[in-house]
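As provided, work.txt (compact mmCIF, C-alpha atoms and all ligand atoms) reads as follows.
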```
# COMPACT_ATOMS: atom_id res chain seq x y z
CA MET Z 14 21.36 -5.05 17.67
CA THR Z 15 18.22 -3.31 16.38
CA GLN Z 16 17.97 0.33 17.38
CA PHE Z 17 14.37 1.30 18.13
CA ALA Z 18 13.50 4.97 17.67
CA ASP Z 19 13.36 7.27 20.63
CA ALA Z 20 9.68 7.72 21.55
CA SER Z 21 9.93 11.49 21.87
CA GLU Z 22 11.58 11.80 18.43
CA LEU Z 23 8.82 9.70 16.92
CA GLU Z 24 6.14 11.86 18.54
CA LEU Z 25 7.80 15.05 17.34
CA PHE Z 26 7.88 13.65 13.82
CA ARG Z 27 4.25 12.52 14.15
CA ASP Z 28 3.24 16.07 15.15
CA ASN Z 29 4.97 17.44 12.05
CA VAL Z 30 3.21 14.96 9.77
CA LYS Z 31 -0.17 15.65 11.42
CA ARG Z 32 0.24 19.40 11.12
CA TYR Z 33 1.14 19.13 7.44
CA VAL Z 34 -1.75 16.76 6.78
CA ASP Z 35 -4.25 19.08 8.51
CA GLU Z 36 -2.99 22.26 6.90
CA GLN Z 37 -1.92 21.20 3.39
CA ILE Z 38 -3.62 17.93 2.50
CA VAL Z 39 -7.05 17.79 4.13
CA PRO Z 40 -8.30 21.12 2.68
CA ASN Z 41 -7.47 19.97 -0.87
CA TYR Z 42 -8.32 16.32 -0.59
CA GLU Z 43 -11.94 16.43 -1.68
CA ALA Z 44 -10.90 18.14 -4.93
CA TRP Z 45 -8.25 15.49 -5.56
CA GLU Z 46 -10.76 12.74 -4.88
CA LYS Z 47 -13.07 14.28 -7.46
CA ALA Z 48 -10.20 14.61 -9.96
CA GLU Z 49 -9.31 10.97 -9.17
CA ILE Z 50 -5.63 11.88 -8.94
CA VAL Z 51 -3.43 14.21 -6.92
CA PRO Z 52 -1.51 16.95 -8.77
CA ARG Z 53 2.04 15.82 -9.64
CA GLU Z 54 3.62 18.60 -7.58
CA VAL Z 55 2.08 17.19 -4.40
CA TRP Z 56 4.68 14.42 -4.59
CA ASN Z 57 7.50 16.97 -4.76
CA GLN Z 58 6.02 18.80 -1.79
CA LEU Z 59 5.80 15.55 0.19
CA GLY Z 60 9.45 14.95 -0.71
CA GLU Z 61 10.44 18.46 0.41
CA GLN Z 62 8.74 17.81 3.75
CA GLY Z 63 10.78 14.64 4.18
CA PHE Z 64 7.75 12.34 4.16
CA LEU Z 65 8.78 10.00 1.31
CA ALA Z 66 10.94 6.91 1.78
CA VAL Z 67 12.13 8.31 5.12
CA ASP Z 68 13.89 5.11 6.10
CA ILE Z 69 16.26 5.04 3.13
CA PRO Z 70 19.91 5.38 4.23
CA GLU Z 71 21.60 8.75 3.98
CA GLU Z 72 24.08 7.49 1.34
CA TYR Z 73 21.11 7.20 -1.04
CA GLY Z 74 19.64 10.57 -0.19
CA GLY Z 75 17.33 9.42 2.61
CA PHE Z 76 17.20 10.29 6.26
CA GLY Z 77 18.45 6.98 7.58
CA SER Z 78 15.45 6.80 9.91
CA SER Z 79 13.98 3.51 11.03
CA PHE Z 80 10.91 1.84 9.50
CA GLU Z 81 8.93 3.18 12.48
CA PHE Z 82 9.18 6.69 11.01
CA SER Z 83 7.83 5.54 7.67
CA MET Z 84 4.94 3.90 9.50
CA VAL Z 85 4.22 7.18 11.31
CA VAL Z 86 3.71 8.81 7.89
CA ALA Z 87 1.47 5.93 6.77
CA GLU Z 88 -0.51 6.03 10.01
CA GLU Z 89 -1.18 9.75 9.96
CA PHE Z 90 -2.41 9.71 6.36
CA CYS Z 91 -4.65 6.70 7.06
CA ARG Z 92 -5.89 8.10 10.38
CA ALA Z 93 -6.88 11.33 8.61
CA ASN Z 94 -9.03 9.29 6.19
CA LEU Z 95 -6.67 9.88 3.27
CA GLY Z 96 -6.46 6.25 2.24
CA GLY Z 97 -5.97 6.96 -1.47
CA LEU Z 98 -2.93 9.20 -1.17
CA GLY Z 99 -1.68 7.23 1.84
CA GLY Z 100 -1.85 4.01 -0.19
CA SER Z 101 -0.02 5.57 -3.15
CA MET Z 102 2.71 6.83 -0.82
CA MET Z 103 3.07 3.41 0.80
CA VAL Z 104 3.51 1.74 -2.59
CA HIS Z 105 6.22 4.27 -3.40
CA SER Z 106 8.00 4.48 -0.02
CA ASP Z 107 7.42 1.17 1.71
CA ILE Z 108 7.38 -1.12 -1.30
CA CYS Z 109 9.20 0.22 -4.37
CA ALA Z 110 12.03 2.06 -2.60
CA HIS Z 111 12.76 -1.01 -0.47
CA TYR Z 112 12.72 -3.41 -3.42
CA ILE Z 113 15.47 -1.26 -4.92
CA LEU Z 114 17.36 -0.79 -1.65
CA ASN Z 115 17.34 -4.49 -0.79
CA ASN Z 116 17.82 -5.98 -4.24
CA GLY Z 117 19.27 -3.30 -6.49
CA SER Z 118 22.81 -2.88 -7.79
CA GLU Z 119 24.81 0.07 -6.48
CA GLU Z 120 24.16 1.86 -9.78
CA GLN Z 121 20.38 1.29 -9.52
CA LYS Z 122 20.28 2.52 -5.93
CA GLN Z 123 22.21 5.69 -6.79
CA LYS Z 124 20.05 6.28 -9.85
CA TYR Z 125 16.60 5.93 -8.29
CA LEU Z 126 16.60 6.25 -4.51
CA PRO Z 127 17.68 9.89 -4.06
CA LYS Z 128 14.98 11.00 -6.52
CA MET Z 129 12.39 8.79 -4.84
CA VAL Z 130 13.13 10.54 -1.54
CA THR Z 131 12.62 13.98 -3.11
CA GLY Z 132 9.51 12.95 -5.04
CA GLU Z 133 11.17 13.60 -8.42
CA CYS Z 134 10.79 9.92 -9.26
CA ILE Z 135 7.56 8.09 -8.38
CA GLY Z 136 7.60 4.32 -8.11
CA ALA Z 137 5.05 1.69 -9.12
CA ILE Z 138 5.15 -2.06 -8.85
CA ALA Z 139 3.53 -4.05 -11.63
CA MET Z 140 2.80 -7.66 -10.77
CA THR Z 141 -0.90 -8.14 -11.51
CA GLU Z 142 -2.08 -9.00 -15.01
CA PRO Z 143 -5.59 -9.50 -16.36
CA GLY Z 144 -5.00 -13.26 -16.03
CA ALA Z 145 -2.76 -13.34 -12.96
CA GLY Z 146 -3.57 -11.75 -9.60
CA SER Z 147 -3.46 -14.02 -6.58
CA ASP Z 148 -1.63 -16.59 -8.68
CA LEU Z 149 1.48 -14.68 -9.64
CA GLN Z 150 2.98 -17.80 -11.14
CA GLY Z 151 0.58 -17.21 -14.01
CA VAL Z 152 2.34 -14.03 -15.16
CA ARG Z 153 2.51 -13.89 -18.96
CA THR Z 154 4.54 -10.74 -19.57
CA THR Z 155 7.75 -11.91 -21.21
CA ALA Z 156 11.29 -10.53 -21.40
CA LYS Z 157 13.35 -12.15 -24.16
CA LYS Z 158 17.10 -11.79 -24.36
CA ASP Z 159 18.52 -10.04 -27.41
CA GLY Z 160 22.26 -9.39 -27.09
CA ASP Z 161 22.84 -7.42 -23.90
CA GLU Z 162 19.20 -6.26 -23.90
CA TYR Z 163 15.80 -7.76 -23.09
CA VAL Z 164 12.67 -7.17 -25.16
CA ILE Z 165 9.52 -6.96 -23.03
CA ASN Z 166 5.95 -7.67 -24.15
CA GLY Z 167 2.79 -7.94 -22.10
CA SER Z 168 0.33 -5.99 -19.99
CA LYS Z 169 -0.40 -5.27 -16.35
CA THR Z 170 -3.52 -4.04 -14.62
CA PHE Z 171 -4.64 -2.33 -11.38
CA ILE Z 172 -1.25 -0.64 -11.00
CA THR Z 173 -1.18 1.96 -8.22
CA ASN Z 174 0.60 5.19 -9.32
CA GLY Z 175 0.12 3.97 -12.89
CA GLN Z 176 -0.51 7.49 -14.21
CA HIS Z 177 2.15 9.33 -12.23
CA CYS Z 178 4.93 6.75 -12.04
CA ASP Z 179 8.42 7.34 -13.43
CA VAL Z 180 9.89 3.93 -12.67
CA ILE Z 181 8.10 0.59 -12.79
CA ILE Z 182 9.25 -2.54 -10.99
CA LEU Z 183 8.02 -4.99 -13.58
CA VAL Z 184 7.43 -8.70 -13.02
CA THR Z 185 8.21 -10.73 -16.13
CA LYS Z 186 8.86 -14.27 -17.27
CA THR Z 187 12.36 -14.75 -18.68
CA ASN Z 188 12.10 -18.49 -18.98
CA LEU Z 189 8.84 -20.09 -20.08
CA ASP Z 190 10.33 -23.59 -20.22
CA VAL Z 191 10.54 -24.02 -16.46
CA PRO Z 192 7.49 -24.60 -14.28
CA GLY Z 193 5.91 -22.36 -11.68
CA ALA Z 194 7.84 -19.60 -10.00
CA LYS Z 195 11.14 -20.34 -11.71
CA GLY Z 196 11.98 -18.13 -14.64
CA THR Z 197 10.51 -14.96 -13.12
CA THR Z 198 12.65 -11.82 -13.34
CA LEU Z 199 12.05 -8.27 -12.12
CA PHE Z 200 13.11 -5.28 -14.22
CA LEU Z 201 13.33 -1.58 -13.46
CA VAL Z 202 11.59 -0.01 -16.44
CA ASP Z 203 11.45 3.68 -17.23
CA ALA Z 204 7.74 4.52 -17.45
CA ASN Z 205 8.43 6.83 -20.39
CA ALA Z 206 10.53 4.35 -22.38
CA PRO Z 207 9.47 3.70 -26.01
CA GLY Z 208 6.85 0.93 -26.08
CA VAL Z 209 5.45 1.62 -22.59
CA THR Z 210 1.86 2.89 -22.68
CA ARG Z 211 -0.28 3.90 -19.76
CA GLY Z 212 -3.92 2.92 -20.00
CA ARG Z 213 -6.64 5.18 -18.67
CA ASN Z 214 -6.92 6.01 -14.99
CA LEU Z 215 -9.25 3.20 -13.83
CA GLU Z 216 -12.54 4.19 -12.18
CA LYS Z 217 -12.70 2.63 -8.72
CA ILE Z 218 -15.39 2.62 -6.04
CA GLY Z 219 -12.92 4.08 -3.52
CA LEU Z 220 -9.34 5.31 -3.08
CA HIS Z 221 -10.23 7.95 -5.65
CA ALA Z 222 -7.20 10.16 -5.07
CA SER Z 223 -4.93 7.24 -5.91
CA ASP Z 224 -4.32 6.75 -9.63
CA THR Z 225 -4.64 3.14 -10.78
CA SER Z 226 -3.95 2.03 -14.34
CA GLU Z 227 -3.34 -0.63 -16.86
CA LEU Z 228 0.17 -0.60 -18.32
CA PHE Z 229 1.09 -1.97 -21.73
CA PHE Z 230 4.54 -3.09 -22.88
CA GLU Z 231 5.20 -3.54 -26.58
CA ASP Z 232 8.73 -4.45 -27.65
CA VAL Z 233 10.16 -2.42 -24.78
CA ARG Z 234 13.96 -2.73 -24.85
CA VAL Z 235 15.87 -2.59 -21.59
CA HIS Z 236 19.55 -3.19 -20.95
CA GLU Z 237 20.38 -6.27 -18.87
CA SER Z 238 21.64 -3.94 -16.13
CA ALA Z 239 17.94 -3.09 -15.53
CA ILE Z 240 17.34 -6.50 -13.92
CA LEU Z 241 16.43 -6.01 -10.26
CA GLY Z 242 18.03 -8.82 -8.29
CA LYS Z 243 19.07 -11.88 -10.26
CA LEU Z 244 17.90 -13.36 -13.55
CA ASP Z 245 15.14 -15.96 -13.06
CA ALA Z 246 15.15 -15.34 -9.29
CA GLY Z 247 12.42 -12.70 -9.12
CA PHE Z 248 9.90 -14.85 -7.29
CA ALA Z 249 12.08 -15.14 -4.21
CA VAL Z 250 12.44 -11.34 -4.17
CA LEU Z 251 8.66 -10.94 -4.40
CA MET Z 252 8.06 -13.37 -1.56
CA GLY Z 253 10.69 -11.68 0.61
CA GLU Z 254 9.40 -8.15 0.06
CA LEU Z 255 5.70 -8.95 0.47
CA GLN Z 256 6.10 -9.06 4.24
CA ARG Z 257 6.80 -5.34 4.61
CA GLU Z 258 3.86 -4.55 2.33
CA ARG Z 259 1.50 -6.69 4.39
CA LEU Z 260 2.67 -5.26 7.68
CA ALA Z 261 2.27 -1.72 6.34
CA LEU Z 262 -1.28 -2.54 5.21
CA ALA Z 263 -2.11 -3.93 8.66
CA ILE Z 264 -0.70 -0.86 10.39
CA GLY Z 265 -2.59 1.43 8.02
CA ALA Z 266 -5.79 -0.50 8.69
CA VAL Z 267 -5.50 0.01 12.45
CA ALA Z 268 -4.71 3.73 12.08
CA ALA Z 269 -7.64 4.21 9.67
CA SER Z 270 -9.94 2.48 12.17
CA GLU Z 271 -8.69 4.69 15.00
CA GLY Z 272 -9.41 7.76 12.89
CA CYS Z 273 -12.86 6.51 11.90
CA LEU Z 274 -13.78 5.86 15.53
CA ALA Z 275 -12.57 9.32 16.55
CA PHE Z 276 -14.79 11.22 14.13
CA THR Z 277 -17.71 8.88 14.77
CA LYS Z 278 -17.39 9.65 18.49
CA ASP Z 279 -17.81 13.35 17.67
CA TYR Z 280 -20.78 12.62 15.43
CA VAL Z 281 -22.72 10.47 17.92
CA ASN Z 282 -22.16 13.06 20.63
CA GLU Z 283 -23.67 15.78 18.44
CA ARG Z 284 -26.45 14.00 16.59
CA GLN Z 285 -29.74 14.17 18.46
CA ALA Z 286 -32.56 11.60 18.42
CA PHE Z 287 -35.44 11.23 20.86
CA GLY Z 288 -34.32 14.36 22.71
CA ALA Z 289 -30.73 13.33 23.44
CA PRO Z 290 -27.43 12.70 21.64
CA ILE Z 291 -27.43 9.25 20.02
CA ALA Z 292 -24.33 8.53 22.11
CA LYS Z 293 -26.74 8.05 25.02
CA LEU Z 294 -28.49 5.12 23.35
CA GLN Z 295 -27.43 1.74 24.62
CA ASN Z 296 -26.82 0.41 21.12
CA THR Z 297 -24.46 3.30 20.34
CA LYS Z 298 -22.57 2.79 23.60
CA PHE Z 299 -22.23 -0.95 23.01
CA LYS Z 300 -21.21 -0.59 19.36
CA MET Z 301 -18.60 2.04 20.20
CA ALA Z 302 -17.31 -0.11 23.07
CA GLU Z 303 -17.06 -3.17 20.85
CA MET Z 304 -15.28 -1.31 18.06
CA ALA Z 305 -12.88 0.47 20.43
CA THR Z 306 -11.98 -2.90 21.95
CA GLU Z 307 -11.34 -4.45 18.55
CA VAL Z 308 -9.16 -1.54 17.49
CA ARG Z 309 -7.19 -1.61 20.74
CA VAL Z 310 -6.51 -5.34 20.48
CA HIS Z 311 -5.31 -4.96 16.89
CA ARG Z 312 -3.16 -1.98 17.85
CA ALA Z 313 -1.31 -4.15 20.36
CA PHE Z 314 -0.86 -6.86 17.72
CA VAL Z 315 0.54 -4.58 15.00
CA ASP Z 316 2.86 -2.86 17.46
CA GLU Z 317 4.26 -6.26 18.36
CA CYS Z 318 4.55 -7.19 14.66
CA LEU Z 319 6.39 -3.94 13.94
CA ARG Z 320 8.94 -4.62 16.67
CA ASN Z 321 9.41 -8.18 15.45
CA PHE Z 322 9.77 -7.03 11.85
CA MET Z 323 12.53 -4.66 12.87
CA THR Z 324 14.47 -7.38 14.66
CA GLY Z 325 13.95 -9.78 11.76
CA ASP Z 326 11.62 -12.02 13.79
CA LEU Z 327 8.32 -11.56 11.95
CA ASP Z 328 7.34 -14.81 10.27
CA VAL Z 329 5.09 -15.22 7.23
CA ALA Z 330 2.17 -16.71 9.18
CA THR Z 331 2.14 -13.91 11.76
CA VAL Z 332 2.30 -11.07 9.24
CA SER Z 333 -0.44 -12.81 7.26
CA MET Z 334 -2.55 -12.96 10.44
CA ALA Z 335 -1.95 -9.24 10.93
CA LYS Z 336 -2.92 -8.38 7.36
CA LEU Z 337 -5.98 -10.64 7.49
CA SER Z 338 -7.28 -9.64 10.88
CA CYS Z 339 -6.54 -5.90 10.79
CA THR Z 340 -8.06 -5.33 7.34
CA GLU Z 341 -11.14 -7.41 8.16
CA MET Z 342 -11.48 -5.41 11.38
CA GLN Z 343 -11.16 -2.16 9.43
CA GLY Z 344 -14.08 -3.27 7.28
CA ARG Z 345 -16.24 -4.02 10.34
CA VAL Z 346 -15.35 -0.71 12.00
CA ALA Z 347 -16.01 1.35 8.87
CA ASP Z 348 -19.36 -0.41 8.43
CA GLY Z 349 -20.31 0.01 12.10
CA CYS Z 350 -19.36 3.69 12.09
CA LEU Z 351 -21.34 4.29 8.89
CA GLN Z 352 -24.38 2.69 10.50
CA LEU Z 353 -24.11 5.07 13.46
CA HIS Z 354 -24.15 8.00 11.02
CA GLY Z 355 -27.54 6.87 9.67
CA GLY Z 356 -28.44 8.26 6.23
CA TYR Z 357 -25.72 10.91 6.50
CA GLY Z 358 -23.18 8.11 6.49
CA TYR Z 359 -24.28 7.24 2.96
CA MET Z 360 -23.64 10.79 1.75
CA GLN Z 361 -20.29 11.56 0.17
CA GLU Z 362 -19.91 14.77 2.12
CA TYR Z 363 -19.52 12.74 5.32
CA GLY Z 364 -16.04 11.30 5.76
CA VAL Z 365 -17.35 7.96 6.96
CA SER Z 366 -18.61 7.15 3.46
CA ARG Z 367 -15.05 7.48 2.16
CA ALA Z 368 -13.69 5.44 5.07
CA PHE Z 369 -16.19 2.72 4.13
CA VAL Z 370 -15.28 2.45 0.44
CA ASP Z 371 -11.55 2.92 1.05
CA ALA Z 372 -11.59 0.09 3.60
CA ARG Z 373 -13.04 -2.39 1.13
CA ILE Z 374 -9.93 -2.83 -1.00
CA GLN Z 375 -7.74 -3.57 1.99
CA ARG Z 376 -9.00 -7.16 2.09
CA ILE Z 377 -8.10 -7.66 -1.58
CA TYR Z 378 -4.77 -6.08 -2.52
CA GLY Z 379 -1.43 -7.13 -1.08
CA GLY Z 380 -2.86 -10.67 -1.04
CA THR Z 381 -6.55 -11.34 -0.48
CA SER Z 382 -7.95 -12.48 2.86
CA GLU Z 383 -8.36 -15.94 1.36
CA ILE Z 384 -4.69 -16.08 0.36
CA MET Z 385 -3.74 -14.93 3.88
CA LYS Z 386 -5.76 -17.84 5.29
CA GLU Z 387 -3.92 -20.23 2.94
CA LEU Z 388 -0.57 -18.97 4.21
CA ILE Z 389 -1.63 -19.08 7.87
CA SER Z 390 -3.08 -22.57 7.53
CA ARG Z 391 0.25 -23.93 6.26
CA SER Z 392 1.86 -22.93 9.55
CA VAL Z 393 -1.11 -23.91 11.72
CA LEU Z 394 -1.36 -27.37 10.18
CA SER Z 395 2.31 -28.17 9.71
C1 LIG Q 401 -7.08 -0.38 -6.04
C2 LIG Q 401 -6.14 -1.49 -6.38
C3 LIG Q 401 -4.76 -1.25 -6.36
C4 LIG Q 401 -3.88 -2.28 -6.70
N1 LIG Q 401 -2.54 -2.00 -6.77
C5 LIG Q 401 -1.71 -2.92 -7.32
C6 LIG Q 401 -0.34 -2.61 -7.62
O1 LIG Q 401 0.13 -1.50 -7.35
N2 LIG Q 401 0.42 -3.55 -8.20
C7 LIG Q 401 -0.06 -4.79 -8.51
O2 LIG Q 401 0.70 -5.60 -9.04
N3 LIG Q 401 -1.34 -5.14 -8.24
C8 LIG Q 401 -2.18 -4.23 -7.66
N4 LIG Q 401 -3.49 -4.55 -7.42
C9 LIG Q 401 -3.97 -5.89 -7.73
C10 LIG Q 401 -4.26 -6.74 -6.49
O3 LIG Q 401 -3.08 -7.07 -5.82
C11 LIG Q 401 -5.06 -7.94 -6.98
O4 LIG Q 401 -6.34 -7.47 -7.36
C12 LIG Q 401 -5.19 -9.03 -5.92
O5 LIG Q 401 -3.94 -9.63 -5.69
C13 LIG Q 401 -6.21 -10.12 -6.31
O6 LIG Q 401 -5.97 -10.58 -7.60
P1 LIG Q 401 -7.20 -10.65 -8.66
O7 LIG Q 401 -7.84 -9.30 -8.65
O8 LIG Q 401 -6.68 -11.16 -9.93
O9 LIG Q 401 -8.20 -11.67 -8.01
P2 LIG Q 401 -8.19 -13.27 -8.20
O10 LIG Q 401 -6.82 -13.77 -7.93
O11 LIG Q 401 -8.82 -13.60 -9.49
O12 LIG Q 401 -9.14 -13.71 -7.01
C14 LIG Q 401 -10.57 -13.76 -7.14
C15 LIG Q 401 -11.13 -14.43 -5.88
O13 LIG Q 401 -10.61 -15.76 -5.80
C16 LIG Q 401 -10.00 -15.95 -4.56
N5 LIG Q 401 -8.86 -16.87 -4.66
C17 LIG Q 401 -7.84 -16.84 -5.57
N6 LIG Q 401 -6.95 -17.80 -5.30
C18 LIG Q 401 -7.40 -18.46 -4.20
C19 LIG Q 401 -6.93 -19.56 -3.41
N7 LIG Q 401 -5.79 -20.19 -3.72
N8 LIG Q 401 -7.68 -19.96 -2.36
C20 LIG Q 401 -8.84 -19.34 -2.03
N9 LIG Q 401 -9.32 -18.30 -2.73
C21 LIG Q 401 -8.62 -17.86 -3.78
C22 LIG Q 401 -9.52 -14.58 -4.12
O14 LIG Q 401 -9.30 -14.51 -2.72
C23 LIG Q 401 -10.68 -13.73 -4.60
O15 LIG Q 401 -11.71 -13.75 -3.65
C24 LIG Q 401 -4.38 -3.56 -7.02
C25 LIG Q 401 -5.76 -3.79 -7.01
C26 LIG Q 401 -6.63 -2.78 -6.71
C27 LIG Q 401 -8.10 -3.04 -6.80
```
Can the structure from this file be put into structure tokens for me?
Ligand SMILES: Cc1cc2nc3c(=O)[nH]c(=O)nc-3n(C[C@H](O)[C@H](O)[C@H](O)COP(=O)(O)OP(=O)(O)OC[C@H]3O[C@@H](n4cnc5c(N)ncnc54)[C@H](O)[C@@H]3O)c2cc1C
Amino acid sequence: MTQFADASELELFRDNVKRYVDEQIVPNYEAWEKAEIVPREVWNQLGEQGFLAVDIPEEYGGFGSSFEFSMVVAEEFCRANLGGLGGSMMVHSDICAHYILNNGSEEQKQKYLPKMVTGECIGAIAMTEPGAGSDLQGVRTTAKKDGDEYVINGSKTFITNGQHCDVIILVTKTNLDVPGAKGTTLFLVDANAPGVTRGRNLEKIGLHASDTSELFFEDVRVHESAILGKLDAGFAVLMGELQRERLALAIGAVAASEGCLAFTKDYVNERQAFGAPIAKLQNTKFKMAEMATEVRVHRAFVDECLRNFMTGDLDVATVSMAKLSCTEMQGRVADGCLQLHGGYGYMQEYGVSRAFVDARIQRIYGGTSEIMKELISRSVLS
């Protein structure tokens, strides 16, 4: 039977994360946004605090906590308007570490997971290519067998943690003679292996503190023991693991919206127009009421999804609804809150401008809103 975390333990952990975020992350964050990357040692510090891959079992160096604890970390970074670093951490902790835990050999788990918990090893997942995003069946990166090794050639783009990563979960084609999803294999590739080149840190409109890169693979040789999961069976792994990613994105979207509403409440209570705080204007009251209602409804939905995920009862259509609806809602809330800030909302020194640009990507990565609708419609119409 699934063991849910004790509420008081979760709250204690949440307080620790919040305190660390307020004291150690927020004061430095603007500088990291400007640098468009966080310093490497920040990852080690996050590891020392016990905030990375917290739900990895103790036998692999983790804390053996439940997924709820990892979502507390994600929520508090998103709530504090730290979407860039929060997103990078989620890719590392809630995607890469779990791909390895759920699909890796014992040797792979022992090799990578303890160092991912401490922050010594940063993970990235490389699916997207210049010619293959939503349609992952179009991947063109190849891995060709040569003795007990594979030789990898190809390129990836938009890869989160692309500059900092130490290990890359790489999606390749190992068999070009079979159609569609068959013939896809995942490899664990050392980011510093000969033949792996990192492109420049891509310039984005938001999520500045998160490094995002192209990655190039030229005759990269990996031993066959680097296959993650089974040969030619990578697509099933991808489909299985996408659910956690989408749930985490939905949960992050709700937390970011809660944070955005909280600081907008402070702003509208302070900002004066026509001799009174703008919070007194009917439009402000109605907008805040509408947004608070939307956020509350989505909070109830993601909490239910989280419980169902933990008991193994979260289906593809429902998690797709959560990802679709929560990220679309985040976009509306960020836009509505920016509007209430007036011209100041358009200035970078006001947090709402960052909330606005950081929210935009949420509807695109992890499967676009349109792809979510495709997935939902299959269940609705079947
Ligand atoms: C900041 C950032 C970080 C990212 N991090 C990673 C990462 O770590 N690893 C990684 O592998 N990728 C990453 N990505 C890539 C991301 O997952 C893709 O951008 C996304 O999946 C969309 O793919 P695409 O950009 O090729 O768009 P396309 O697939 O070309 O889509 C273009 C438009 O067509 C629509 N469309 C496509 N197919 C359909 C369909 N069947 N029905 C209806 N509409 C459709 C899309 O919804 C979209 O509106 C990241 C992207 C960004 C911007």
- [ ] Work out how far apart CA of Asp316 (chain Z) and CA of Leu23 (chain Z) are and give it in Å to one decimal.
- [x]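 Calculated distance between CA of Asp316 (chain Z) and CA of Leu23 (chain Z) is 13.9 Å.
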Task: Option closest in space to Leu149 (chain Z), from Z:Leu388, Z:Cys318, Z:Ala194, Z:Leu260 [counting all atoms listed in the file] - done: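 Looking only at the distances to Leu149 (chain Z), the closest residue turns out to be Z:Ala194.
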Task: Straight-line distance linking atom O7 of ligand LIG 401 (chain Q) with CA of Glu88 (chain Z), stated in Å to one decimal - done: 25.2 Å
Counting all atoms listed in the file, give me one row per residue of chain Z with an atom at most 6 Å from an atom of ligand LIG 401 (chain Q), showing the shortest contact pair and its distance in Å to one decimal, sorted by chain then residue number, as a Markdown table.
```
| residue | atom | partner | partner_atom | distance |
| --- | --- | --- | --- | --- |
| Z:Ile138 | CA | Q:LIG401 | N2 | 5.0 |
| Z:Ala139 | CA | Q:LIG401 | O2 | 4.1 |
| Z:Met140 | CA | Q:LIG401 | O2 | 3.4 |
| Z:Thr141 | CA | Q:LIG401 | O2 | 3.9 |
| Z:Ala145 | CA | Q:LIG401 | O8 | 5.4 |
| Z:Gly146 | CA | Q:LIG401 | O8 | 3.2 |
| Z:Ser147 | CA | Q:LIG401 | O10 | 3.6 |
| Z:Asp148 | CA | Q:LIG401 | O10 | 6.0 |
| Z:Phe171 | CA | Q:LIG401 | C24 | 4.5 |
| Z:Ile172 | CA | Q:LIG401 | O1 | 4.0 |
| Z:Thr173 | CA | Q:LIG401 | O1 | 3.8 |
| Z:Ile377 | CA | Q:LIG401 | C12 | 5.4 |
| Z:Tyr378 | CA | Q:LIG401 | O3 | 3.8 |
| Z:Gly379 | CA | Q:LIG401 | O3 | 5.0 |
| Z:Gly380 | CA | Q:LIG401 | O5 | 4.9 |
| Z:Thr381 | CA | Q:LIG401 | O14 | 4.8 |
| Z:Glu383 | CA | Q:LIG401 | O14 | 4.4 |
| Z:Ile384 | CA | Q:LIG401 | C19 | 5.6 |
```
Once you have the residues from the selection above, write them out as a tab-separated table (two decimals), keeping the file's coordinate frame, restricted to C-alpha atoms.
```
chain	number	residue	atom	x	y	z
Z	138	ILE	CA	5.15	-2.06	-8.85
Z	139	ALA	CA	3.53	-4.05	-11.63
Z	140	MET	CA	2.80	-7.66	-10.77
Z	141	THR	CA	-0.90	-8.14	-11.51
Z	145	ALA	CA	-2.76	-13.34	-12.96
Z	146	GLY	CA	-3.57	-11.75	-9.60
Z	147	SER	CA	-3.46	-14.02	-6.58
Z	148	ASP	CA	-1.63	-16.59	-8.68
Z	171	PHE	CA	-4.64	-2.33	-11.38
Z	172	ILE	CA	-1.25	-0.64	-11.00
Z	173	THR	CA	-1.18	1.96	-8.22
Z	377	ILE	CA	-8.10	-7.66	-1.58
Z	378	TYR	CA	-4.77	-6.08	-2.52
Z	379	GLY	CA	-1.43	-7.13	-1.08
Z	380	GLY	CA	-2.86	-10.67	-1.04
Z	381	THR	CA	-6.55	-11.34	-0.48
Z	383	GLU	CA	-8.36	-15.94	1.36
Z	384	ILE	CA	-4.69	-16.08	0.36
```
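Our summary of the geometry notes that CA of Gln16 (chain Z) is positioned 14.2 Å from CA of Pro70 (chain Z).
Nearest to Gly247 (chain Z) of all the residues Z:Ala137, Z:Val184, Z:Cys273, Z:Val233 is Z:Val184, based on only C-alpha atoms.
Nearest-residue note for Arg373 (chain Z): choosing from Z:Glu89, Z:Glu216, Z:Glu49, Z:Asp348, the minimum distance belongs to Z:Asp348, counting only C-alpha atoms.
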TODO: Give me the residues within 10 Å of region 362-365 of chain Z as an MDAnalysis selection string, counting all atoms listed in the file and dropping any in the same chain fewer than 3 places off.
DONE: chainID Z and resid 43 93:95 272:274 276:277 347:354 357:359 368:371
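Closest approach to Asn57 (chain Z) from the set Z:Lys278, Z:Lys336, Z:His111, Z:Lys128 is made by Z:Lys128, with distances taken over only C-alpha atoms.
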Task: Given only C-alpha atoms as the counted atoms, nearest of Z:Asp279, Z:Asp68, Z:Glu24, Z:Glu227 to Thr210 (chain Z) - done: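 Closest residue, counting only C-alpha atoms: Z:Glu227.
Neighbours of Cys178 (chain Z) closer than or equal to 6 Å, with only C-alpha atoms counted and sequence neighbours fewer than 3 positions away skipped, come out as Z:Ile135, Z:Gly136, Z:Ala137, Z:Asn174, Z:Gly175.
Look at region 163-165 of chain Z: the protein and nucleic acid residues within 6 Å of it, using all atoms listed in the file and passing over chain neighbours fewer than 2 places away, are Thr155, Ala156, Lys157, Lys158, Asp159, Asp232, Val233, Arg234 and Val235 of chain Z.
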- [ ] Name all residues at most 12 Å from Ile38 (chain Z) (count all atoms listed in the file; drop same-chain ones fewer than 6 positions away) and give them as a PyMOL selection string.
- [x] chain Z and resi 30-32+44-46+51-52+55-56+58-59+89-90+93-95+97-99+222
